[in-house]
>>> print(open('entry.pdb').read())   # PDB, C-alpha atoms, pLDDT in the B column
ATOM      1  CA  MET A   1      17.186 211.563  57.363  1.00 92.00           C
ATOM      2  CA  ASN A   2      19.208 213.003  54.499  1.00 97.00           C
ATOM      3  CA  CYS A   3      21.286 216.139  54.829  1.00 96.00           C
ATOM      4  CA  LYS A   4      20.011 219.027  52.743  1.00 97.00           C
ATOM      5  CA  LYS A   5      23.566 220.163  51.946  1.00 96.00           C
ATOM      6  CA  CYS A   6      25.642 217.014  51.357  1.00 97.00           C
ATOM      7  CA  LYS A   7      22.684 214.658  50.734  1.00 98.00           C
ATOM      8  CA  LYS A   8      24.225 211.979  52.947  1.00 97.00           C
ATOM      9  CA  GLU A   9      22.067 210.002  55.314  1.00 97.00           C
ATOM     10  CA  PHE A  10      22.495 210.874  58.980  1.00 94.00           C
ATOM     11  CA  THR A  11      21.023 209.996  62.342  1.00 95.00           C
ATOM     12  CA  PHE A  12      19.800 212.545  64.842  1.00 94.00           C
ATOM     13  CA  THR A  13      21.398 210.897  67.855  1.00 93.00           C
ATOM     14  CA  LYS A  14      20.007 210.620  71.341  1.00 93.00           C
ATOM     15  CA  GLU A  15      22.834 212.850  72.618  1.00 94.00           C
ATOM     16  CA  GLU A  16      22.089 215.531  70.016  1.00 92.00           C
ATOM     17  CA  LYS A  17      18.391 215.444  70.863  1.00 93.00           C
ATOM     18  CA  LYS A  18      19.146 215.879  74.542  1.00 93.00           C
ATOM     19  CA  PHE A  19      21.421 218.830  73.782  1.00 93.00           C
ATOM     20  CA  TRP A  20      18.905 220.455  71.412  1.00 93.00           C
ATOM     21  CA  TYR A  21      15.866 220.089  73.631  1.00 95.00           C
ATOM     22  CA  GLU A  22      17.334 220.396  77.125  1.00 94.00           C
ATOM     23  CA  SER A  23      20.312 222.714  76.710  1.00 94.00           C
ATOM     24  CA  LEU A  24      19.320 224.833  73.729  1.00 93.00           C
ATOM     25  CA  LYS A  25      15.602 224.698  74.591  1.00 94.00           C
ATOM     26  CA  PHE A  26      14.552 224.021  71.002  1.00 93.00           C
ATOM     27  CA  ARG A  27      10.942 223.066  70.445  1.00 92.00           C
ATOM     28  CA  LYS A  28      10.265 219.326  70.439  1.00 87.00           C
ATOM     29  CA  GLU A  29       9.067 219.551  66.826  1.00 89.00           C
ATOM     30  CA  SER A  30      12.481 220.840  65.725  1.00 91.00           C
ATOM     31  CA  THR A  31      14.620 218.443  63.741  1.00 92.00           C
ATOM     32  CA  PRO A  32      17.869 219.055  61.887  1.00 95.00           C
ATOM     33  CA  ILE A  33      17.951 219.395  58.122  1.00 96.00           C
ATOM     34  CA  HIS A  34      21.748 219.081  57.961  1.00 97.00           C
ATOM     35  CA  CYS A  35      24.096 216.427  59.298  1.00 95.00           C
ATOM     36  CA  LEU A  36      26.359 217.335  62.210  1.00 94.00           C
ATOM     37  CA  SER A  37      29.438 217.980  60.061  1.00 95.00           C
ATOM     38  CA  CYS A  38      27.494 220.240  57.670  1.00 97.00           C
ATOM     39  CA  ARG A  39      25.955 222.112  60.617  1.00 96.00           C
ATOM     40  CA  LYS A  40      29.461 222.733  61.968  1.00 96.00           C
ATOM     41  CA  GLU A  41      30.647 223.898  58.548  1.00 96.00           C
ATOM     42  CA  ILE A  42      27.646 226.229  58.170  1.00 97.00           C
ATOM     43  CA  ARG A  43      28.301 227.756  61.613  1.00 97.00           C
ATOM     44  CA  LYS A  44      31.959 228.246  60.731  1.00 97.00           C
ATOM     45  CA  GLU A  45      31.065 229.948  57.423  1.00 97.00           C
ATOM     46  CA  LYS A  46      28.607 232.254  59.185  1.00 98.00           C
ATOM     47  CA  LEU A  47      31.245 233.261  61.743  1.00 98.00           C
ATOM     48  CA  GLN A  48      33.796 233.852  59.002  1.00 98.00           C
ATOM     49  CA  ASN A  49      31.295 235.909  57.028  1.00 98.00           C
ATOM     50  CA  LYS A  50      30.500 238.004  60.090  1.00 98.00           C
ATOM     51  CA  ARG A  51      34.188 238.559  60.727  1.00 98.00           C
ATOM     52  CA  LEU A  52      34.763 239.556  57.095  1.00 98.00           C
ATOM     53  CA  SER A  53      31.949 242.097  57.360  1.00 98.00           C
ATOM     54  CA  GLU A  54      33.477 243.588  60.503  1.00 98.00           C
ATOM     55  CA  ILE A  55      36.968 243.871  59.042  1.00 98.00           C
ATOM     56  CA  LEU A  56      35.874 245.118  55.620  1.00 98.00           C
ATOM     57  CA  LYS A  57      34.087 248.102  57.164  1.00 98.00           C
ATOM     58  CA  LYS A  58      37.565 249.593  57.507  1.00 97.00           C
ATOM     59  CA  ASP A  59      39.686 251.040  54.755  1.00 95.00           C
ATOM     60  CA  SER A  60      42.496 248.600  53.943  1.00 92.00           C
ATOM     61  CA  LYS A  61      45.140 251.109  55.096  1.00 92.00           C
ATOM     62  CA  ASP A  62      43.518 251.127  58.559  1.00 95.00           C
ATOM     63  CA  MET A  63      43.466 247.326  58.943  1.00 96.00           C
ATOM     64  CA  THR A  64      45.882 245.717  61.374  1.00 96.00           C
ATOM     65  CA  ILE A  65      48.279 242.986  60.304  1.00 97.00           C
ATOM     66  CA  GLU A  66      46.151 240.510  62.263  1.00 97.00           C
ATOM     67  CA  GLU A  67      42.987 241.574  60.433  1.00 98.00           C
ATOM     68  CA  LEU A  68      44.686 241.351  57.050  1.00 98.00           C
ATOM     69  CA  TYR A  69      45.999 237.912  57.969  1.00 98.00           C
ATOM     70  CA  GLU A  70      42.452 236.839  58.871  1.00 97.00           C
ATOM     71  CA  LEU A  71      41.150 238.085  55.511  1.00 97.00           C
ATOM     72  CA  VAL A  72      43.890 236.232  53.659  1.00 98.00           C
ATOM     73  CA  GLN A  73      43.161 233.014  55.565  1.00 98.00           C
ATOM     74  CA  ILE A  74      39.412 233.169  54.946  1.00 98.00           C
ATOM     75  CA  TYR A  75      39.723 234.024  51.258  1.00 98.00           C
ATOM     76  CA  ASP A  76      42.277 231.244  50.835  1.00 98.00           C
ATOM     77  CA  GLU A  77      39.970 228.743  52.525  1.00 97.00           C
ATOM     78  CA  TRP A  78      37.044 229.926  50.392  1.00 97.00           C
ATOM     79  CA  GLU A  79      39.276 229.743  47.286  1.00 98.00           C
ATOM     80  CA  ILE A  80      38.594 233.365  46.304  1.00 98.00           C
ATOM     81  CA  LYS A  81      41.983 233.933  44.718  1.00 98.00           C
ATOM     82  CA  ASP A  82      41.587 237.529  43.517  1.00 98.00           C
ATOM     83  CA  LYS A  83      40.734 238.781  47.012  1.00 98.00           C
ATOM     84  CA  PHE A  84      43.341 236.474  48.553  1.00 98.00           C
ATOM     85  CA  ASN A  85      45.992 237.980  46.268  1.00 98.00           C
ATOM     86  CA  PHE A  86      44.791 241.556  46.868  1.00 97.00           C
ATOM     87  CA  TYR A  87      44.863 241.375  50.672  1.00 97.00           C
ATOM     88  CA  ASN A  88      47.983 239.212  50.753  1.00 98.00           C
ATOM     89  CA  LYS A  89      49.825 241.921  48.799  1.00 97.00           C
ATOM     90  CA  ILE A  90      48.671 244.567  51.301  1.00 97.00           C
ATOM     91  CA  LEU A  91      49.627 242.291  54.206  1.00 97.00           C
ATOM     92  CA  LYS A  92      53.148 241.727  52.862  1.00 96.00           C
ATOM     93  CA  ALA A  93      53.626 245.456  52.248  1.00 96.00           C
ATOM     94  CA  LYS A  94      52.496 246.245  55.798  1.00 93.00           C
ATOM     95  CA  GLN A  95      54.836 243.634  57.281  1.00 92.00           C
ATOM     96  CA  ASN A  96      57.862 245.287  55.627  1.00 87.00           C
TER
END
>>> encode(input="entry.pdb", output="structure tokens")
Amino acid sequence: MNCKKCKKEFTFTKEEKKFWYESLKFRKESTPIHCLSCRKEIRKEKLQNKRLSEILKKDSKDMTIEELYELVQIYDEWEIKDKFNFYNKILKAKQN
């Protein structure tokens, strides 16, 4: 199998199959389209995106230092420099 995201070849291991079919109760016809590391990365991105959506519902003046720090971390990881700089400036102002 080749991963749809990274294009690398991967094996759907016996342990993964057992977890998918017995623990997660996926249908037997289900097979992964991404390698394990890409699946983990996709899950992480989805969680980060969900968290961004939750935090960004608030006005920036109502965000806690922890929430601003989370935004800064995510935007830094995603290499979105304009938003990183914007929220980092607000974070620093709030910390003072």
>>> resolve_selection(input="entry.pdb", expression="the PyMOL selection byres ((chain A and resi 45-62) around 9)", output="ChimeraX atom specification")
/A:40-44,63-64,67-68,70-71,74,87,90,94
>>> axis_aligned_box(input="entry.pdb", around="region 52-71 of chain A", padding_each_side="4 Å", output="JSON")
{"center_x": 40.1, "center_y": 244.0, "center_z": 58.1, "size_x": 24.3, "size_y": 22.3, "size_z": 16.3}
>>> closest_residue(input="entry.pdb", among="A:Glu77, A:Asp82, A:Glu66, A:Glu16", to="Thr31 (chain A)", atoms="only C-alpha atoms")
A:Glu16
>>> atom_distance(input="entry.pdb", atom1="CA of Phe26 (chain A)", atom2="CA of Lys7 (chain A)")
23.8 Å
>>> closest_residue(input="entry.pdb", among="A:Ile33, A:Val72, A:Leu24, A:Met1", to="Phe84 (chain A)", atoms="all atoms listed in the file")
A:Val72
>>> atom_distance(input="entry.pdb", atom1="CA of Lys8 (chain A)", atom2="CA of Arg39 (chain A)")
12.8 Å
>>> residues_around(input="entry.pdb", residues="Lys5 (chain A)", least_positions_apart="4", cutoff="9 Å", atoms="only C-alpha atoms", output="list in words")
Ile33, His34, Cys35 and Cys38 of chain A
>>> closest_residue(input="entry.pdb", among="A:Phe86, A:Leu91, A:Lys81, A:Pro32", to="Phe10 (chain A)", atoms="all atoms listed in the file")
A:Pro32
>>> atom_distance(input="entry.pdb", atom1="CA of Ser37 (chain A)", atom2="CA of Glu15 (chain A)")
15.1 Å
>>> closest_residue(input="entry.pdb", among="A:Ser30, A:Tyr21, A:Lys92, A:Lys14", to="Tyr69 (chain A)", atoms="only C-alpha atoms")
A:Lys92
>>> closest_residue(input="entry.pdb", among="A:Ile65, A:Ala93, A:Leu36, A:Ile80", to="Thr11 (chain A)", atoms="only C-alpha atoms")
A:Leu36
